[in-house]
Structures are given as structure tokens and as C-alpha cells.
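Source file run_5.cif; content: mmCIF, C-alpha atoms.
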data_work
#
loop_
_atom_site.label_atom_id
_atom_site.label_comp_id
_atom_site.auth_asym_id
_atom_site.auth_seq_id
_atom_site.Cartn_x
_atom_site.Cartn_y
_atom_site.Cartn_z
CA MET I 1 1.33 50.78 8.53
CA ARG I 2 2.37 47.28 9.52
CA ASP I 3 3.80 44.86 6.98
CA GLU I 4 1.25 42.38 5.70
CA VAL I 5 1.94 38.85 6.85
CA ARG I 6 1.74 36.30 4.09
CA LEU I 7 1.09 32.58 4.17
CA VAL I 8 4.09 30.55 5.31
CA ASP I 9 2.93 27.44 3.44
CA LYS I 10 -0.29 26.05 2.06
CA LYS I 11 -0.63 22.38 2.93
CA PRO I 12 1.53 19.25 2.93
CA ASP I 13 2.18 17.99 -0.59
CA GLY I 14 0.42 14.83 -1.69
CA ARG I 15 -2.64 15.14 0.55
CA ALA I 16 -6.17 15.91 -0.59
CA THR I 17 -7.49 19.29 0.49
CA ALA I 18 -10.00 19.31 3.35
CA ALA I 19 -10.58 23.05 3.80
CA VAL I 20 -9.68 26.20 1.88
CA PHE I 21 -9.83 29.84 2.96
CA ASP I 22 -9.42 32.15 -0.05
CA ARG I 23 -9.02 35.86 0.80
CA ALA I 24 -11.72 35.42 3.44
CA ALA I 25 -12.79 38.23 5.75
CA VAL I 26 -15.25 38.56 8.62
CA ARG I 27 -16.69 41.72 10.15
CA LEU I 28 -18.78 41.52 13.34
CA GLY I 29 -20.51 44.48 14.94
CA GLY I 30 -18.82 46.84 12.52
CA LYS I 31 -15.35 45.58 13.47
CA VAL I 32 -13.03 43.61 11.21
CA VAL I 33 -12.20 40.33 12.97
CA TRP I 34 -9.74 39.18 10.29
CA ARG I 35 -9.23 39.89 6.62
CA ASP I 36 -7.51 38.54 3.50
CA VAL I 37 -7.17 35.08 5.06
CA SER I 38 -5.85 32.43 2.66
CA PHE I 39 -4.68 28.97 3.69
CA GLU I 40 -5.44 25.31 3.05
CA VAL I 41 -5.80 22.35 5.39
CA ALA I 42 -5.00 18.85 4.15
CA GLY I 43 -6.96 15.70 4.82
CA GLY I 44 -5.74 13.91 7.95
CA GLU I 45 -3.86 16.96 9.19
CA PHE I 46 -3.76 18.09 12.84
CA VAL I 47 -3.77 21.90 12.93
CA ALA I 48 -3.67 24.10 16.04
CA ILE I 49 -5.31 27.53 15.96
CA LEU I 50 -3.48 29.95 18.25
CA GLY I 51 -3.56 33.63 19.17
CA PRO I 52 -4.58 36.11 21.86
CA ASN I 53 -8.04 36.26 23.40
CA GLY I 54 -10.56 37.94 21.11
CA ALA I 55 -8.41 37.60 17.99
CA GLY I 56 -10.98 35.51 16.11
CA LYS I 57 -9.80 31.92 16.63
CA SER I 58 -13.28 30.54 17.30
CA THR I 59 -14.61 32.66 14.43
CA LEU I 60 -12.41 30.65 12.05
CA LEU I 61 -14.19 27.48 13.17
CA LYS I 62 -17.62 29.11 12.92
CA ALA I 63 -16.83 30.27 9.39
CA LEU I 64 -16.03 26.65 8.46
CA LEU I 65 -19.32 25.58 10.04
CA GLY I 66 -21.27 28.16 8.04
CA ILE I 67 -22.42 29.85 11.25
CA VAL I 68 -20.58 33.15 10.70
CA PRO I 69 -20.98 34.67 7.23
CA LEU I 70 -18.01 36.09 5.35
CA THR I 71 -17.87 39.70 4.26
CA ALA I 72 -15.37 38.87 1.52
CA GLY I 73 -13.68 35.86 -0.06
CA SER I 74 -14.72 32.23 0.26
CA VAL I 75 -14.38 29.13 2.43
CA LYS I 76 -14.80 25.57 1.19
CA VAL I 77 -14.89 22.23 2.99
CA PHE I 78 -14.06 19.11 0.97
CA GLY I 79 -14.39 21.14 -2.21
CA GLN I 80 -17.88 22.48 -1.47
CA PRO I 81 -19.08 25.85 -0.10
CA VAL I 82 -19.61 25.70 3.65
CA ARG I 83 -23.10 25.01 4.94
CA ARG I 84 -24.76 24.50 8.29
CA GLY I 85 -25.48 20.96 9.39
CA ASN I 86 -22.75 19.30 7.33
CA ASP I 87 -22.52 15.72 8.64
CA GLU I 88 -18.93 15.52 7.43
CA VAL I 89 -17.91 18.10 10.03
CA GLY I 90 -17.98 17.36 13.76
CA TYR I 91 -17.86 20.28 16.20
CA LEU I 92 -17.02 20.31 19.89
CA PRO I 93 -17.68 23.77 21.37
CA GLN I 94 -15.79 25.23 24.30
CA ARG I 95 -15.68 22.74 27.11
CA ARG I 96 -18.94 22.17 28.92
CA ARG I 97 -19.09 21.05 32.53
CA PHE I 98 -21.29 18.13 33.50
CA ASP I 99 -23.24 18.08 36.73
CA PRO I 100 -21.65 15.48 39.05
CA ASP I 101 -25.16 14.09 39.60
CA LEU I 102 -25.78 13.51 35.87
CA ARG I 103 -26.69 9.82 35.60
CA ILE I 104 -26.71 9.31 31.82
CA ARG I 105 -24.14 6.70 30.84
CA ALA I 106 -21.12 7.74 28.84
CA ILE I 107 -21.99 5.36 26.01
CA ASP I 108 -25.49 6.86 25.76
CA LEU I 109 -23.99 10.34 25.46
CA VAL I 110 -21.91 9.11 22.52
CA ARG I 111 -25.04 7.57 20.96
CA MET I 112 -26.72 10.98 21.03
CA GLY I 113 -24.27 11.97 18.30
CA LEU I 114 -26.35 9.68 16.08
CA ASP I 115 -29.81 10.17 17.60
CA GLY I 116 -29.58 13.59 19.22
CA GLY I 117 -32.79 14.79 17.60
CA GLN I 118 -34.89 12.03 19.19
CA TRP I 119 -36.60 12.27 22.56
CA GLY I 120 -35.00 10.13 25.26
CA VAL I 121 -32.32 7.49 24.78
CA PRO I 122 -33.43 5.40 21.77
CA LEU I 123 -33.07 1.67 21.45
CA PRO I 124 -30.10 1.28 19.11
CA SER I 125 -30.01 -0.85 16.00
CA LYS I 126 -27.19 -3.37 15.79
CA SER I 127 -25.27 -1.28 13.26
CA LYS I 128 -25.64 1.88 15.33
CA GLN I 129 -24.58 0.08 18.48
CA GLU I 130 -21.50 -1.28 16.72
CA ARG I 131 -20.64 2.21 15.47
CA VAL I 132 -20.98 3.69 18.97
CA GLU I 133 -18.84 0.95 20.49
CA GLU I 134 -16.24 1.45 17.75
CA MET I 135 -15.92 5.16 18.55
CA VAL I 136 -15.81 4.51 22.28
CA ALA I 137 -12.95 2.06 21.70
CA LEU I 138 -11.21 4.51 19.35
CA VAL I 139 -10.93 7.11 22.12
CA GLY I 140 -9.90 4.53 24.72
CA ALA I 141 -13.08 4.83 26.79
CA THR I 142 -14.41 1.26 26.76
CA GLY I 143 -13.44 0.70 30.39
CA TYR I 144 -15.78 3.41 31.69
CA ALA I 145 -18.41 3.63 28.94
CA GLN I 146 -21.13 2.19 31.20
CA ARG I 147 -20.49 4.67 34.02
CA PRO I 148 -22.51 7.88 34.54
CA VAL I 149 -20.91 10.85 32.80
CA GLY I 150 -21.06 12.93 35.96
CA GLU I 151 -18.71 10.52 37.73
CA LEU I 152 -15.97 10.71 35.09
CA SER I 153 -12.84 12.84 35.28
CA GLY I 154 -12.36 15.83 33.00
CA GLY I 155 -10.06 13.90 30.70
CA GLU I 156 -12.49 10.96 30.49
CA GLN I 157 -15.39 13.29 29.71
CA GLN I 158 -13.37 14.92 26.95
CA ARG I 159 -12.70 11.54 25.33
CA ILE I 160 -16.42 10.76 25.41
CA LEU I 161 -17.25 14.11 23.79
CA ILE I 162 -14.70 13.49 21.02
CA ALA I 163 -16.31 10.09 20.38
CA GLN I 164 -19.71 11.78 20.22
CA ALA I 165 -18.42 14.30 17.66
CA LEU I 166 -17.00 11.49 15.48
CA VAL I 167 -19.76 8.90 15.72
CA SER I 168 -21.85 10.25 12.81
CA GLY I 169 -18.92 9.72 10.43
CA ALA I 170 -17.34 13.17 10.43
CA ARG I 171 -14.24 13.56 8.23
CA MET I 172 -13.31 16.84 9.88
CA LEU I 173 -13.34 17.57 13.60
CA MET I 174 -13.28 21.09 15.04
CA LEU I 175 -12.44 21.42 18.71
CA ASP I 176 -12.75 24.76 20.52
CA GLU I 177 -10.32 24.78 23.47
CA PRO I 178 -10.87 21.12 24.42
CA LEU I 179 -7.79 21.13 26.68
CA GLU I 180 -8.89 24.03 28.86
CA SER I 181 -9.16 23.08 32.57
CA LEU I 182 -7.33 19.77 32.05
CA ASP I 183 -4.05 19.08 33.82
CA LEU I 184 -0.86 18.81 31.76
CA ASN I 185 -0.88 15.00 31.64
CA ASN I 186 -4.45 14.93 30.33
CA GLN I 187 -3.71 17.72 27.84
CA GLN I 188 -0.88 15.68 26.38
CA ALA I 189 -2.89 12.44 26.46
CA ILE I 190 -5.81 14.02 24.59
CA SER I 191 -3.42 15.61 22.08
CA ASN I 192 -1.79 12.24 21.47
CA LEU I 193 -5.23 10.65 21.05
CA ILE I 194 -6.20 13.27 18.46
CA ARG I 195 -2.95 12.75 16.58
CA GLY I 196 -3.67 9.02 16.43
CA ILE I 197 -7.18 9.66 15.09
CA CYS I 198 -5.71 11.82 12.32
CA GLN I 199 -3.15 9.20 11.37
CA ARG I 200 -5.31 6.07 11.60
CA GLN I 201 -8.72 7.40 10.56
CA GLY I 202 -7.66 10.15 8.15
CA VAL I 203 -9.77 12.67 10.06
CA THR I 204 -8.76 16.32 9.74
CA VAL I 205 -8.63 18.14 13.09
CA LEU I 206 -8.59 21.87 13.78
CA LEU I 207 -8.06 22.61 17.46
CA VAL I 208 -8.25 26.03 19.12
CA ALA I 209 -5.74 26.18 21.96
CA HIS I 210 -4.69 28.73 24.55
CA ASP I 211 -1.33 27.06 25.15
CA VAL I 212 0.71 25.51 22.36
CA ASN I 213 3.17 23.65 24.57
CA PRO I 214 1.14 20.49 25.40
CA ILE I 215 0.21 20.01 21.73
CA LEU I 216 3.46 21.11 20.08
CA PRO I 217 4.89 17.56 19.65
CA PHE I 218 1.67 16.36 17.99
CA VAL I 219 0.48 19.05 15.54
CA ASP I 220 1.41 19.20 11.86
CA ARG I 221 0.98 22.95 11.52
CA VAL I 222 -0.35 25.99 13.35
CA VAL I 223 -2.64 28.83 12.31
CA TYR I 224 -1.82 31.98 14.29
CA VAL I 225 -4.46 34.72 14.50
CA ALA I 226 -3.58 38.25 15.66
CA GLY I 227 -4.13 41.85 14.64
CA GLY I 228 -6.79 40.97 12.09
CA GLN I 229 -4.40 38.76 10.15
CA VAL I 230 -3.66 35.04 9.98
CA VAL I 231 -0.45 33.16 9.24
CA CYS I 232 -0.21 29.41 8.70
CA GLY I 233 2.78 27.10 8.67
CA LYS I 234 4.93 24.68 10.62
CA PRO I 235 5.28 25.65 14.30
CA ALA I 236 8.98 26.44 13.94
CA ASP I 237 8.21 28.84 11.07
CA VAL I 238 5.25 30.61 12.68
CA ILE I 239 6.05 30.81 16.40
CA ARG I 240 9.17 32.89 16.01
CA THR I 241 10.10 36.46 16.82
CA GLU I 242 10.18 37.81 13.26
CA THR I 243 6.86 36.31 12.18
CA LEU I 244 4.87 37.31 15.27
CA THR I 245 6.35 40.82 15.33
CA ARG I 246 4.98 41.36 11.81
CA LEU I 247 1.67 39.76 12.73
CA TYR I 248 1.13 41.88 15.87
CA GLY I 249 2.56 45.01 14.28
CA ALA I 250 4.60 45.55 17.46
CA PRO I 251 7.79 44.12 18.97
CA VAL I 252 7.28 40.52 20.10
CA GLU I 253 9.87 38.04 21.29
CA VAL I 254 9.60 34.27 21.34
CA LEU I 255 11.68 32.64 24.06
CA THR I 256 12.43 28.99 24.74
CA THR I 257 12.69 28.05 28.41
CA SER I 258 15.17 25.57 29.83
CA ASP I 259 12.53 22.82 29.72
CA GLY I 260 11.68 23.51 26.07
CA ARG I 261 8.46 25.51 26.49
CA LEU I 262 7.73 28.44 24.19
CA VAL I 263 6.92 31.80 25.75
CA VAL I 264 5.75 34.80 23.75
CA VAL I 265 6.49 38.17 25.37
CA GLY I 266 5.72 41.72 24.34
CA GLN I 267 2.18 41.38 23.03
CA HIS I 268 -0.64 43.48 24.41
CA GLU I 269 -2.00 40.90 26.86
CA PRO I 270 -0.33 38.96 29.68
CA VAL I 271 1.62 35.94 28.52
CA SER I 272 -0.36 32.83 29.32
CA TYR I 273 -1.21 31.00 26.14
CA HIS I 274 2.30 29.68 25.54
CA ALA I 275 3.18 28.88 29.14
CA ASP I 276 1.89 26.21 31.51
CA HIS I 277 -1.10 27.28 33.58
#
Produce C-alpha cells that represent the structure in this file.
Amino acid sequence: MRDEVRLVDKKPDGRATAAVFDRAAVRLGGKVVWRDVSFEVAGGEFVAILGPNGAGKSTLLKALLGIVPLTAGSVKVFGQPVRRGNDEVGYLPQRRRFDPDLRIRAIDLVRMGLDGGQWGVPLPSKSKQERVEEMVALVGATGYAQRPVGELSGGEQQRILIAQALVSGARMLMLDEPLESLDLNNQQAISNLIRGICQRQGVTVLLVAHDVNPILPFVDRVVYVAGGQVVCGKPADVIRTETLTRLYGAPVEVLTTSDGRLVVVGQHEPVSYHADH
């Protein structure tokens, strides 16, 4: 039987708690996704969620959203039990592709984060318009906010979607693989943008990633999911041979390439999520 992997650390001292997993477990289709998960996320923290395909990374986000029920333990957000439709939590699902012919303006897509339940594009009040423009400026998209979304690049579209997720006043932002399909420069630019939002706005961000390297300079901590277990801590403490070997229950080696990238070898799937695509 493999050694149980325990929490590396809880959360940075001195920060209010944004989310708490306490011995949480999820079972889907009769299969344990993860179990005995305990960690805390601080307000304003940028946390990356890593691990192999199918390990349950997205399930962590869905548990925080109240979409996936727990089979044991508890999860709280800002001190309260999780619930669906919490306006304090913004969610950006796995990257959607926009039709190149889509004519809706980028700024109107952001506004739908406030008025998404209304038919058509509503006439905004002054306060709503100011809020939309504030979020567009926050993500650095003012220069192309009036352009059709379908004409924007992948990186520009991602900025607009982040603004949409924040516009309702979310204090926590959950992003499911937002960097997928972006080139390295855009991955790093978006990661830097998110880091700035955490620092300046105090927003807590949990980001599911397939590759840690573009985000490594920007994240505070990582949550690594594998083998039905979860370990949380600083990247240097988690992404290391000893920790991942215990987590996978099999020999794993973490290598650093000449250009500083991390590569994990020895797990049961091809190495891709810690190397450039």
C-alpha cells in the first residue's frame, strides 16, 4: 500500500481564508476520484491545479462551485458551505472557440456577465457601463473592446472571457485550462495578467493547467492531483521527485532542463503537462 501523502502547507500566514477543503472526497460512477483532501486557499492567492488527465483537477473546481457533491468531508468558500450560483465565484470553463463570423462586440460579451439572463444585448445603465469598462481596462482589452469577438486572437478572447467572469464582482475566479491552445507568449502574458489581478484586486484564482512551466514564475502555490490524492504547497516543495513518487505510488522523477523547464518522467501517461507543447 502506498504511503499517504499529507499536506505540505495550508495557506500563507496573515491572509484571510477564501476556500477550505476538509477531508473531502468525491466518488463518480462508483469510482473514487479523490479522497481525504484537506487544504486551504488564502484570499488573493494564485493557485495552480496540476496533475495527469482524468485525475480530478476539474472536479476540484466543480466541488467548489457546488456542482459535484461530496461523498465525505466538507468544502467552504469564504466561510460558507458551497452553493450553486454564488456571485462571489466566477467560473471560466475549458476554453471555448468562437466562430470567426461571430459579430458580437467584445465589450458586449463582457456585459453579458452582468445581464446574461436577459434576451438580447440590454441597454446598460451608467453604473453597469462603468463596471464593464473598468473590467475591460483591468484585463488590458480597451483597445479592441469594440471589435467583434470572432476577429480577436486567442489571447485577446481569453482576456475578454476573464473580464466577463469578473464583472459581476467575483472575489474568487476559477479557470479550467484557460491557457490551452495559446502560444507560449500568450500563456505567460495571461498568467502575468492573472497574477496582477490577484495582487491589485485581492481576487483569489484557482487555475487548472496542463503545463506548469508558463505559470511557474507567477503562482503562489500548486495543488497536485494524482492517484486519488492531493498535495498542496509551494511549487518547489510539491513538484519534486520524492513528493510525486509518493503521490503516484510509483517511481517518478522530476528533471530540470537546461532552460529551466520542469519535466516529470515515469508516470503512467506520456510526459506533456510539464513540457512545452
Closest pair table for stretch 183-203 of chain I residues within 12 Å of stretch 127-149 of chain I, all atoms listed in the file, as CSV:
residue,atom,partner,partner_atom,distance
I:Ala189,CA,I:Val139,CA,10.6
I:Ile190,CA,I:Val139,CA,8.9
I:Ser191,CA,I:Val139,CA,11.3
I:Asn192,CA,I:Val139,CA,10.5
I:Leu193,CA,I:Val139,CA,6.8
I:Ile194,CA,I:Val139,CA,8.6
I:Arg195,CA,I:Val139,CA,11.2
I:Gly196,CA,I:Leu138,CA,9.3
I:Ile197,CA,I:Leu138,CA,7.8
I:Cys198,CA,I:Leu138,CA,11.5
I:Arg200,CA,I:Leu138,CA,9.9
I:Gln201,CA,I:Leu138,CA,9.6
Checklist entry - By how many Å are atom CA of I:Thr71 and atom CA of I:Gly228 apart? => result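 Separating atom CA of I:Thr71 from atom CA of I:Gly228 is a distance of 13.6 Å.
When you apply the PyMOL selection byres ((chain I and resi 188) around 12) to this structure, what comes back is Gly155, Pro178, Leu179, Glu180, Leu182, Asp183, Leu184, Asn185, Asn186, Gln187, Ala189, Ile190, Ser191, Asn192, Leu193, Ile194, Arg195, Asp211, Val212, Asn213, Pro214, Ile215, Leu216, Pro217, Phe218 and Val219 of chain I.
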Next on the checklist: I need the output of the PyMOL selection byres ((chain I and resi 236) around 12) for this file as a PyMOL selection string; which residues are they?
Outcome noted: chain I and resi 8+212+216-217+219-223+232-235+237-244+254+256+262
Checklist entry - Expressed in Å to a single decimal, how great is the separation between atom CA of I:Leu64 and atom CA of I:Pro81? => result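 Distance reported for this atom pair: 9.1 Å.
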Next on the checklist: Taking the file as I've supplied it (selection: the PyMOL selection byres ((chain I and resi 22) around 9)), which residues are included? Please answer as a list in words.
Outcome noted: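 What the PyMOL selection byres ((chain I and resi 22) around 9) grabs from the file is Val20, Phe21, Arg23, Ala24, Asp36, Val37, Ser38, Phe39, Glu40, Gly73, Ser74, Val75 and Lys76 of chain I.
Using only C-alpha atoms for every distance, the candidate list I:Thr204, I:Gln229, I:Ser125, I:Thr59 yields I:Gln229 as the residue closest to I:Arg35.
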Name all residues at most 6 Å from I:Val33 (count all atoms listed in the file; drop same-chain ones fewer than 5 positions away) and give them as a PDB file with C-alpha atoms, in the coordinates of the input.
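Full text of part_38.pdb as output:
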ATOM      1  CA  VAL I  26     -15.250  38.560   8.620  1.00  0.00           C
ATOM      2  CA  ARG I  27     -16.690  41.720  10.150  1.00  0.00           C
ATOM      3  CA  GLY I  56     -10.980  35.510  16.110  1.00  0.00           C
ATOM      4  CA  GLY I 228      -6.790  40.970  12.090  1.00  0.00           C
TER       5      GLY I 228
END
Item to check | Distance criterion (only C-alpha atoms): nearest to I:Val89 out of I:Pro52, I:Gly169, I:Gly154, I:Gly29 | outcome: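 Counting only C-alpha atoms, the residue closest to I:Val89 is I:Gly169.
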Checklist entry - atom CA of I:Lys31 and atom CA of I:Phe46 are how many Å apart? => result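 Result for atom CA of I:Lys31 versus atom CA of I:Phe46: 29.8 Å, one decimal.
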Checklist entry - So which one's closest to I:Gly43, I:Arg15, I:Arg84, I:Arg95, I:Arg246? Using all atoms listed in the file, please. => result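 Among the listed residues, the smallest separation from I:Gly43 belongs to I:Arg15.
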Next on the checklist: Which polymer residues, whether protein, DNA or RNA, lie within 7 Å of the coordinate (-20.8, 7.5, 24.7) when you count all atoms listed in the file? List them as a ChimeraX atom specification, using the chain letters and numbers from the file.
Outcome noted: /I:106-111,132,136,145,160,163-164
Checklist entry - Hey, which of I:Leu166, I:Ala72, I:Ala19, I:Val77 ends up closest to I:Tyr91? Count only C-alpha atoms. => result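 With only C-alpha atoms as the atom set, the closest residue is I:Leu166.
Around I:Val265, within 8 Å and counting all atoms listed in the file, the residues found are I:Val252, I:Glu253, I:Val254, I:Leu255, I:Val271, once anything fewer than 4 positions away on its own chain is removed.
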For the selection just defined, write its residues with C-alpha atoms to a file, as an mmCIF file, keeping the file's coordinate frame.
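Wrote it out as again21.cif, contents follow:
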data_model
loop_
_atom_site.group_PDB
_atom_site.id
_atom_site.type_symbol
_atom_site.label_atom_id
_atom_site.label_comp_id
_atom_site.auth_asym_id
_atom_site.auth_seq_id
_atom_site.Cartn_x
_atom_site.Cartn_y
_atom_site.Cartn_z
ATOM 1 C CA VAL I 252 7.280 40.520 20.100
ATOM 2 C CA GLU I 253 9.870 38.040 21.290
ATOM 3 C CA VAL I 254 9.600 34.270 21.340
ATOM 4 C CA LEU I 255 11.680 32.640 24.060
ATOM 5 C CA VAL I 271 1.620 35.940 28.520
#
Checklist entry - Which polymer residues have any atom within 9 Å of an atom of I:Phe98, counting only C-alpha atoms, with same-chain residues fewer than 4 positions away left out, as a list of chain:residue names? => result I:Leu102, I:Val149, I:Gly150, I:Gln157
